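Contents: one structure, followed by commentary.
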Amino acid sequence: MTSLKIALNSIKVAAFISLLTFGFGAPVLAEDLTDSATCFDCHDDTDRDPPSDPNRPQVHKPEGGFFVESHADFDCIDCHTYITDLEHDETAPDMEVDCLECHDEVPTKE
Ligand code: HEC
Ligand code: HEC
Ligand code: HEC
């Protein structure tokens, strides 16, 4: 009995996850979010604000491009992982990039 319940529950979970992945996601994901040009349609690569934490080195150069050359090798969404569709204007503001996705510790200014 108990194991049947568990089996049913995992089916529900699987159905929910596939709904999330294919149900809601599919129409918007038709846009190529890994293409920086998609982002530049709406975001100019200039006038970048400094980070909210003054002890954290700034990633984007205010005038465009990156302070650290290696950062330019990534797609926008490698860092802005919370951008999952193009309807993000209400959810994205004030969301922060997690340096620990790639760094062992949050880089600090020298
Ligand atoms: C159809 C237009 C459009 C496209 C395309 C678009 N964005 Fe946005 N984005 C917006 C709007 C509007 C906002 C909210 C206003 C703002 O902060 O600029 C926003 C906000 C953001 C923010 C938060 C800015 C803040 O102030 O904290 C980030 C980060 C971001 N977008 C990244 C991206 C990335 C990465 C891509 C490409 C995958 C992308 N956007 C594509 C319209 C767009
Ligand atoms: C290496 C990580 C990284 C990559 C790659 C990256 N960003 Fe960012 N982005 C950040 C961080 C961190 C901030 C917060 C401000 C800062 O430190 O520059 C930010 C801030 C932003 C903001 C909001 C702040 C502002 O002043 O407008 C937008 C919009 C944005 N990035 C768009 C993009 C787009 C478009 C790309 C792809 C061309 C991109 N980012 C690539 C890390 C990254
Ligand atoms: C998508 C991966 C990725 C993310 C996210 C990321 N970085 Fe980096 N960063 C790199 C790579 C790769 C290098 C070059 C290799 C290295 O030195 O570790 C680098 C190098 C740096 C350097 C040069 C000094 C050093 O430590 O090597 C600084 C400063 C830096 N990153 C700051 C940041 C900050 C601040 C954030 C978060 C706001 C951030 N990075 C997020 C990938 C990333």
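In the structure tokens, chains take the letters A, B, ... in the order shown, each chain's residues start at 1, and ligands count up from 1 in the order shown.
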Report task. Name each residue within 10 Å of ligand 2, counting only C-alpha atoms and all ligand atoms, as a PyMOL selection string. Result -> chain A and resi 33-54+56-62+64-81+83+92-99+101-102
Report task. Between atom 19 (C, counted along the ligand's line) of ligand 3 and atom CA of Thr91 of chain A, measure the distance and give it in Å to one decimal. Result ->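 Computed distance, atom 19 (C, counted along the ligand's line) of ligand 3 to atom CA of Thr91 of chain A, equals 26.4 Å.
Using only C-alpha atoms and all ligand atoms, the smallest distance between any of A:Asp89, A:Asp104, A:Glu31, A:Thr84 and ligand 1 comes from A:Asp89.
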Requested in this report: Go through A:Asn55, A:Glu63, A:Tyr82, A:Pro107 and flag the residue nearest ligand 1, using only C-alpha atoms and all ligand atoms for the distances.
Outcome: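 Comparing A:Asn55, A:Glu63, A:Tyr82, A:Pro107 against ligand 1, the winner is A:Tyr82.
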Report task. Could you give me, as a list in words, each residue of segment 33-110 of chain A that DSSP assigns to alpha helix (DSSP H) when run on this structure's backbone? Result ->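 Here are the alpha helix (DSSP H) residues of segment 33-110 of chain A: Ser36, Ala37, Thr38, Cys39, Phe40, Cys76, Ile77, Asp78 and Cys79 of chain A.
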Could you write out the selected residues, including C-alpha atoms, as a PDB file, in the first residue's frame?
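The resulting file, selection_38.pdb, is shown below:
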ATOM      1  CA  SER A  36      23.758  37.437 -26.959  1.00  0.00           C
ATOM      2  CA  ALA A  37      22.219  39.211 -29.955  1.00  0.00           C
ATOM      3  CA  THR A  38      18.798  38.210 -28.599  1.00  0.00           C
ATOM      4  CA  CYS A  39      19.611  40.094 -25.396  1.00  0.00           C
ATOM      5  CA  PHE A  40      21.055  43.100 -27.191  1.00  0.00           C
ATOM      6  CA  CYS A  76      24.741  36.008 -21.004  1.00  0.00           C
ATOM      7  CA  ILE A  77      22.616  33.306 -19.385  1.00  0.00           C
ATOM      8  CA  ASP A  78      25.644  31.406 -18.061  1.00  0.00           C
ATOM      9  CA  CYS A  79      25.784  34.176 -15.460  1.00  0.00           C
TER      10      CYS A  79
END
